[in-house]
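What follows is the content of query_39.txt (compact mmCIF, C-alpha atoms and all ligand atoms).
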```txt
# COMPACT_ATOMS: atom_id res chain seq x y z
CA MET A 9 0.00 0.00 0.00
CA PRO A 10 1.43 3.43 -0.84
CA GLU A 11 2.79 5.59 1.98
CA GLY A 12 0.13 7.74 3.50
CA THR A 13 -2.86 5.65 2.42
CA ALA A 14 -3.64 4.73 6.00
CA THR A 15 -4.06 8.37 6.94
CA SER A 16 -5.81 9.41 3.75
CA ARG A 17 -8.35 7.27 1.95
CA PRO A 18 -8.62 3.69 3.14
CA VAL A 19 -8.85 0.78 0.71
CA TRP A 20 -12.43 -0.46 0.88
CA ILE A 21 -12.97 -4.23 0.70
CA GLY A 22 -16.58 -5.29 0.94
CA THR A 23 -19.11 -7.86 -0.08
CA SER A 24 -22.83 -8.14 -0.59
CA TRP A 25 -24.09 -11.65 -0.06
CA LYS A 26 -27.06 -10.97 -2.33
CA MET A 27 -29.79 -13.61 -1.64
CA ASN A 28 -27.44 -16.06 0.03
CA LYS A 29 -26.59 -17.46 3.46
CA THR A 30 -28.66 -18.85 6.28
CA LEU A 31 -28.21 -17.45 9.77
CA ALA A 32 -25.81 -20.29 10.60
CA GLU A 33 -23.74 -19.47 7.51
CA ALA A 34 -23.84 -15.76 8.34
CA ARG A 35 -22.55 -16.48 11.84
CA GLU A 36 -19.79 -18.72 10.56
CA TRP A 37 -18.52 -16.16 8.02
CA THR A 38 -18.68 -13.27 10.48
CA ALA A 39 -16.97 -15.15 13.29
CA GLY A 40 -14.27 -16.23 10.85
CA VAL A 41 -13.62 -12.67 9.68
CA LEU A 42 -13.49 -11.41 13.27
CA ALA A 43 -11.04 -14.16 14.23
CA THR A 44 -8.85 -13.31 11.23
CA LEU A 45 -8.80 -9.60 12.09
CA ALA A 46 -8.02 -10.34 15.74
CA GLU A 47 -5.09 -12.56 14.74
CA ARG A 48 -3.83 -10.30 11.99
CA PRO A 49 -4.54 -6.64 12.81
CA GLU A 50 -2.38 -5.59 9.85
CA LEU A 51 -5.32 -6.61 7.66
CA MET A 52 -7.22 -3.62 9.06
CA SER A 53 -4.46 -1.09 8.69
CA GLY A 54 -5.54 1.34 5.99
CA ILE A 55 -8.35 -1.03 4.99
CA GLN A 56 -12.07 -0.56 5.55
CA PRO A 57 -13.87 -3.90 5.40
CA PHE A 58 -17.65 -4.05 5.03
CA VAL A 59 -20.34 -6.68 4.66
CA ILE A 60 -23.87 -6.41 3.31
CA PRO A 61 -25.92 -9.46 4.31
CA PRO A 62 -29.54 -10.14 3.42
CA LEU A 63 -31.93 -8.36 5.78
CA THR A 64 -32.71 -11.59 7.61
CA ALA A 65 -29.12 -11.74 8.87
CA LEU A 66 -28.56 -8.06 9.62
CA THR A 67 -29.20 -8.20 13.37
CA THR A 68 -27.34 -11.48 13.75
CA VAL A 69 -24.26 -10.06 12.05
CA ARG A 70 -24.53 -6.82 14.06
CA GLU A 71 -24.64 -8.78 17.32
CA LEU A 72 -21.51 -10.69 16.38
CA LEU A 73 -19.64 -7.62 15.15
CA GLY A 74 -20.55 -5.52 18.20
CA GLU A 75 -21.12 -1.79 18.23
CA ASN A 76 -17.72 -0.34 17.32
CA SER A 77 -16.65 -2.94 14.84
CA PRO A 78 -13.87 -2.30 12.31
CA VAL A 79 -16.20 -4.04 9.83
CA LEU A 80 -18.97 -1.78 8.57
CA LEU A 81 -22.40 -3.33 8.10
CA GLY A 82 -24.91 -2.54 5.37
CA ALA A 83 -28.32 -3.38 3.92
CA GLN A 84 -28.80 -4.29 0.26
CA ASN A 85 -31.74 -1.93 -0.23
CA ALA A 86 -34.03 0.40 1.69
CA HIS A 87 -37.13 2.40 0.83
CA TRP A 88 -37.07 6.19 0.59
CA GLU A 89 -40.03 6.71 2.91
CA ASP A 90 -39.47 6.37 6.66
CA ALA A 91 -42.60 4.28 7.28
CA GLY A 92 -45.94 3.46 5.77
CA ALA A 93 -47.99 1.16 3.55
CA TRP A 94 -45.15 -0.33 1.49
CA THR A 95 -45.61 -4.08 1.84
CA GLY A 96 -42.38 -6.01 1.58
CA GLU A 97 -40.16 -2.98 1.95
CA VAL A 98 -37.87 -1.86 4.78
CA SER A 99 -37.05 1.77 5.51
CA VAL A 100 -33.69 3.37 6.21
CA PRO A 101 -34.53 3.93 9.91
CA GLN A 102 -35.56 0.26 10.18
CA ALA A 103 -32.33 -0.89 8.54
CA ALA A 104 -30.41 1.39 10.90
CA ASP A 105 -32.34 0.00 13.86
CA ALA A 106 -31.29 -3.52 12.79
CA GLY A 107 -27.64 -2.40 12.73
CA ALA A 108 -26.97 -1.10 9.22
CA GLN A 109 -24.52 1.75 8.67
CA LEU A 110 -24.47 1.58 4.86
CA ILE A 111 -27.34 1.31 2.40
CA GLU A 112 -26.61 -0.24 -1.00
CA ILE A 113 -28.59 1.57 -3.68
CA GLY A 114 -29.21 0.88 -7.35
CA HIS A 115 -27.41 -2.42 -7.86
CA SER A 116 -27.96 -3.48 -11.48
CA GLU A 117 -29.94 -6.53 -10.34
CA ARG A 118 -32.37 -4.20 -8.58
CA ARG A 119 -32.53 -1.90 -11.59
CA GLU A 120 -33.16 -4.84 -13.92
CA HIS A 121 -35.57 -6.97 -11.88
CA PHE A 122 -37.18 -4.59 -9.39
CA GLY A 123 -37.77 -1.41 -11.32
CA GLU A 124 -35.08 0.69 -9.66
CA THR A 125 -34.63 3.88 -11.69
CA VAL A 126 -32.36 6.89 -11.52
CA GLU A 127 -35.20 8.69 -9.73
CA THR A 128 -35.63 5.97 -7.07
CA THR A 129 -31.88 5.90 -6.53
CA ARG A 130 -32.02 9.67 -5.99
CA LEU A 131 -34.79 9.29 -3.42
CA LYS A 132 -32.92 6.50 -1.64
CA VAL A 133 -29.63 8.40 -1.55
CA ALA A 134 -31.46 11.36 0.00
CA ALA A 135 -33.25 9.16 2.56
CA THR A 136 -29.99 7.45 3.53
CA LEU A 137 -28.22 10.78 4.04
CA ARG A 138 -31.19 12.21 5.95
CA HIS A 139 -30.77 9.43 8.51
CA ASP A 140 -27.00 9.79 8.69
CA LEU A 141 -26.21 6.48 7.03
CA THR A 142 -23.77 6.02 4.17
CA PRO A 143 -25.17 5.49 0.66
CA LEU A 144 -23.30 2.97 -1.48
CA LEU A 145 -24.54 3.94 -4.93
CA CYS A 146 -24.01 1.28 -7.61
CA ILE A 147 -23.72 2.31 -11.23
CA GLY A 148 -22.81 0.41 -14.37
CA GLU A 149 -23.55 0.12 -18.06
CA PRO A 150 -24.93 -2.77 -20.12
CA LEU A 151 -22.74 -4.59 -22.63
CA GLU A 152 -24.11 -2.82 -25.70
CA VAL A 153 -23.25 0.56 -24.18
CA HIS A 154 -19.75 -0.66 -23.34
CA ASP A 155 -19.28 -2.05 -26.85
CA ALA A 156 -20.42 1.24 -28.36
CA GLY A 157 -17.88 3.14 -26.26
CA GLY A 158 -20.54 4.89 -24.19
CA SER A 159 -19.64 3.62 -20.69
CA ALA A 160 -18.37 6.89 -19.23
CA GLY A 161 -21.36 8.96 -20.32
CA PHE A 162 -23.82 6.31 -19.15
CA ILE A 163 -22.45 5.99 -15.63
CA LEU A 164 -21.91 9.71 -15.21
CA ASP A 165 -25.60 10.22 -16.01
CA GLN A 166 -26.54 7.59 -13.41
CA VAL A 167 -24.51 9.39 -10.75
CA ARG A 168 -25.65 12.89 -11.75
CA GLY A 169 -29.28 11.81 -11.56
CA ALA A 170 -28.86 10.14 -8.16
CA VAL A 171 -27.03 13.05 -6.50
CA ASP A 172 -28.97 15.84 -8.19
CA GLY A 173 -29.35 18.81 -5.86
CA LEU A 174 -27.15 17.48 -3.04
CA PRO A 175 -24.93 19.96 -1.27
CA GLU A 176 -21.16 19.31 -1.47
CA GLU A 177 -20.99 18.17 2.16
CA GLN A 178 -23.54 15.40 1.49
CA LEU A 179 -21.80 14.33 -1.70
CA GLY A 180 -18.73 13.74 0.44
CA ARG A 181 -20.54 10.99 2.35
CA ILE A 182 -21.36 8.88 -0.71
CA LEU A 183 -19.55 5.74 -1.80
CA LEU A 184 -19.75 4.98 -5.51
CA ALA A 185 -19.43 1.41 -6.77
CA TYR A 186 -18.77 1.15 -10.48
CA GLU A 187 -20.00 -2.27 -11.56
CA PRO A 188 -20.30 -2.81 -15.33
CA ILE A 189 -23.33 -5.08 -15.81
CA TRP A 190 -21.45 -7.26 -18.31
CA ALA A 191 -18.79 -8.00 -15.70
CA ILE A 192 -21.12 -9.13 -12.89
CA GLY A 193 -22.00 -12.67 -11.87
CA GLU A 194 -21.69 -16.18 -13.32
CA GLN A 195 -22.29 -14.99 -16.89
CA GLY A 196 -20.03 -11.97 -16.43
CA ARG A 197 -16.72 -11.39 -18.15
CA PRO A 198 -14.04 -10.02 -15.79
CA ALA A 199 -13.13 -6.48 -16.84
CA THR A 200 -9.53 -5.66 -17.66
CA PRO A 201 -7.85 -2.47 -16.51
CA ALA A 202 -8.01 -1.37 -20.19
CA ASP A 203 -11.82 -1.75 -20.17
CA LEU A 204 -12.04 0.39 -17.07
CA ALA A 205 -9.54 3.14 -17.80
CA ASP A 206 -11.93 5.58 -19.51
CA PRO A 207 -15.01 5.19 -17.33
CA VAL A 208 -12.97 5.29 -14.13
CA ALA A 209 -11.06 8.36 -15.30
CA ALA A 210 -14.36 10.07 -16.14
CA LEU A 211 -15.81 9.23 -12.72
CA GLN A 212 -12.64 10.41 -11.07
CA ALA A 213 -12.62 13.69 -12.99
CA GLU A 214 -16.20 14.60 -12.14
CA PHE A 215 -16.75 13.02 -8.72
CA GLY A 216 -13.44 11.66 -7.42
CA ALA A 217 -12.60 14.65 -5.30
CA SER A 218 -16.12 15.12 -3.94
CA VAL A 219 -17.32 11.60 -3.02
CA ARG A 220 -15.95 9.53 -0.17
CA ALA A 221 -14.61 6.71 -2.36
CA VAL A 222 -14.97 5.03 -5.74
CA LEU A 223 -15.10 1.23 -5.62
CA TYR A 224 -15.02 -1.30 -8.42
CA GLY A 225 -17.14 -4.46 -8.61
CA GLY A 226 -17.90 -7.26 -11.06
CA SER A 227 -16.16 -10.66 -11.12
CA VAL A 228 -13.46 -9.51 -8.76
CA ASN A 229 -11.37 -12.52 -7.76
CA THR A 230 -8.09 -13.22 -6.03
CA ASP A 231 -6.24 -13.20 -9.37
CA ASN A 232 -7.41 -9.81 -10.65
CA ALA A 233 -7.89 -7.90 -7.38
CA ALA A 234 -4.37 -6.45 -7.20
CA ASP A 235 -4.54 -5.16 -10.80
CA LEU A 236 -7.97 -3.64 -10.22
CA LEU A 237 -6.81 -1.92 -7.03
CA ALA A 238 -3.85 -0.49 -8.93
CA ILE A 239 -6.11 1.43 -11.34
CA PRO A 240 -5.83 5.14 -10.54
CA GLY A 241 -9.12 6.35 -9.12
CA ILE A 242 -10.18 2.99 -7.63
CA ASP A 243 -10.33 3.14 -3.82
CA GLY A 244 -11.57 -0.36 -3.19
CA LEU A 245 -13.46 -3.44 -4.30
CA PHE A 246 -17.09 -4.47 -3.94
CA VAL A 247 -17.22 -8.20 -4.33
CA GLY A 248 -19.82 -10.93 -4.74
CA ARG A 249 -18.97 -14.59 -5.21
CA THR A 250 -15.28 -14.54 -4.33
CA ALA A 251 -15.92 -12.98 -0.92
CA TRP A 252 -18.79 -15.22 0.13
CA GLU A 253 -16.26 -17.84 1.17
CA LEU A 254 -14.24 -16.80 4.17
CA ASP A 255 -10.98 -17.73 2.47
CA GLY A 256 -11.75 -15.51 -0.51
CA PHE A 257 -12.55 -12.51 1.68
CA ARG A 258 -9.44 -13.08 3.78
CA ARG A 259 -7.29 -13.30 0.65
CA LEU A 260 -8.77 -10.03 -0.68
CA LEU A 261 -7.86 -8.31 2.60
CA GLU A 262 -4.32 -9.64 2.25
CA ILE A 263 -4.10 -8.34 -1.31
CA ALA A 264 -5.35 -4.92 -0.20
CA ALA A 265 -2.80 -4.88 2.63
CA ALA A 266 0.09 -5.97 0.41
P1 LIG A 301 -19.64 -10.83 -8.51
O1 LIG A 301 -20.78 -9.79 -8.06
O2 LIG A 301 -18.38 -10.42 -7.78
O3 LIG A 301 -20.16 -12.16 -8.05
O4 LIG A 301 -19.49 -10.70 -9.98
C1 LIG A 301 -20.46 -8.44 -8.02
C2 LIG A 301 -21.64 -7.58 -7.64
O5 LIG A 301 -22.75 -7.82 -8.11
O6 LIG A 301 -21.44 -6.64 -6.86
```

Let me see whether you can do it: turn the structure in this file into structure tokens.
Ligand code: PGA
Amino acid sequence: MPEGTATSRPVWIGTSWKMNKTLAEAREWTAGVLATLAERPELMSGIQPFVIPPLTALTTVRELLGENSPVLLGAQNAHWEDAGAWTGEVSVPQAADAGAQLIEIGHSERREHFGETVETTRLKVAATLRHDLTPLLCIGEPLEVHDAGGSAGFILDQVRGAVDGLPEEQLGRILLAYEPIWAIGEQGRPATPADLADPVAALQAEFGASVRAVLYGGSVNTDNAADLLAIPGIDGLFVGRTAWELDGFRRLLEIAAA
């Protein structure tokens, strides 16, 4: 890690479990991470780990982590209203009550399957900030946009729409996760640093200095993590499959610490 990183921006290493893990599995993963960090405190130096379980496991993971944990805890989604007749939804204050510090907003799976739009991401970012939690805003372009060379413009529009009207101070509390849709999941193709150079540079130029961090996600694994972290403008990794296994998450922390 470059000199000074520990006192400036940390390297963020986090995972969303998506719709995976029973409570027993959640306990096992969390206890394993805590044991690793207790044994090897260097894995926390200059690194900010976080985990985003399904809502069913939020309280369980919070109880294991404790109140002042080095591992931040998040929810995968939250509604923009504080309460009301929204069957099946959970509000930001409810997620906070269950232990969440971060709210993931606008993951491409939510945009594709659950009607998340730029406008709903804007409402959710605002609700998250209003309750003093940290928005983790996910952005990313589909393959046809990437192939047509339009990635940078597409993701900048997603961010601009979601942060529209926010004062500078609030912008500074947002985490951005750039996750090209074509790079995510089983069918995804891992992105190369060359794929990412333009969109990341564009994000960096417009928002790098004002947001809290810019993370990358999409088929991150233990072979490509170091190269992805070396891309200028990438402050961390937001990981699915590789980090669901304790060994994978541990290895990513080691790579970030190296
Ligand atoms: P993946 O998921 O690492 O399994 O590709 C990434 C994500 O959706 O954030």

Protein/DNA/RNA residues near (-15.0, 3.3, -21.5), cut 8 Å, all atoms listed in the file, as a VMD selection string = chain A and resid 154 157 to 160 203 to 208

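Shortest atom-to-atom contact with ligand LIG 301 (chain A) among A:Thr128, A:Gln56, A:Thr230, A:Ser116: A:Ser116, counting all atoms listed in the file.
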
Which residues of chain A come within 7 Å of ligand LIG 301 (chain A), and for each one, what is the closest pair of atoms and their distance in Å to one decimal, counting all atoms listed in the file, sorted by chain and residue number, as a Markdown table?
```
| residue | atom | partner | partner_atom | distance |
| --- | --- | --- | --- | --- |
| A:Ser24 | CA | A:LIG301 | O6 | 6.6 |
| A:Glu187 | CA | A:LIG301 | O6 | 6.6 |
| A:Ala191 | CA | A:LIG301 | O4 | 6.4 |
| A:Ile192 | CA | A:LIG301 | O4 | 3.7 |
| A:Gly193 | CA | A:LIG301 | O4 | 3.7 |
| A:Glu194 | CA | A:LIG301 | O4 | 6.8 |
| A:Gly196 | CA | A:LIG301 | O4 | 6.6 |
| A:Gly225 | CA | A:LIG301 | O6 | 5.1 |
| A:Gly226 | CA | A:LIG301 | O4 | 3.9 |
| A:Ser227 | CA | A:LIG301 | O4 | 3.5 |
| A:Val228 | CA | A:LIG301 | O2 | 5.1 |
| A:Phe246 | CA | A:LIG301 | O6 | 5.7 |
| A:Val247 | CA | A:LIG301 | O2 | 4.3 |
| A:Gly248 | CA | A:LIG301 | O2 | 3.4 |
| A:Arg249 | CA | A:LIG301 | O3 | 3.9 |
| A:Thr250 | CA | A:LIG301 | O2 | 6.2 |
```

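Minimum atom-to-atom distances from A:Asp255, A:Glu71, A:Asp155, A:Glu117 to Gln84 in chain A were compared using only C-alpha atoms, and the lowest value belongs to A:Glu117.
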
query = Can you find the residues with an atom no farther than 9 Å from (-16.2, 1.0, -6.2), counting all atoms listed in the file, and report them as a VMD selection string?
reply = chain A and resid 20 144 to 146 183 to 187 221 to 225 242 to 246

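Each of A:Ser99, A:Asn28, A:Thr23, A:Ser16 was compared to Phe58 in chain A using only C-alpha atoms, and A:Thr23 turns out to be the nearest.
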
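From CA of Leu179 in chain A back to CA of Leu151 in chain A, the distance works out to 28.2 Å.
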
key: Within 10 Å of Glu50 in chain A using all atoms listed in the file, minus same-chain residues under 2 positions, as number ranges by chain   = A: 45-48, 52-55, 261-262, 265-266

inquiry  = Can you measure CA of Arg220 in chain A to CA of Gly256 in chain A for me? One decimal in Å is fine.
reply    = 25.4 Å

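Within 9 Å of Phe215 in chain A, once all atoms listed in the file are used and residues closer than 3 positions along the same chain are dropped, the contacting residues are Leu164, Val167, Leu179, Ala210, Leu211, Gln212, Ser218, Val219 and Val222 of chain A.
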
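In terms of minimum interatomic distance to Leu31 in chain A, A:Leu66 ranks closest within A:Ile60, A:Leu66, A:Leu110, A:Leu131, counting only C-alpha atoms.
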
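Put simply, CA of Gly169 in chain A is 11.8 Å away from CA of Ala134 in chain A.
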
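Closest approach to Gly148 in chain A among A:Pro188, A:Glu124, A:Gln166, A:Gly180 is made by A:Pro188 (distances from only C-alpha atoms).
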
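Across A:Trp252, A:Thr125, A:Glu152, A:Thr44, the tightest approach to Lys26 in chain A is made by A:Trp252 when counting only C-alpha atoms.
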
Residues within 9 Å of Leu63 in chain A, only C-alpha atoms, excluding chain neighbours under 5 positions, as a VMD selection string = chain A and resid 83 to 85 98 103 106
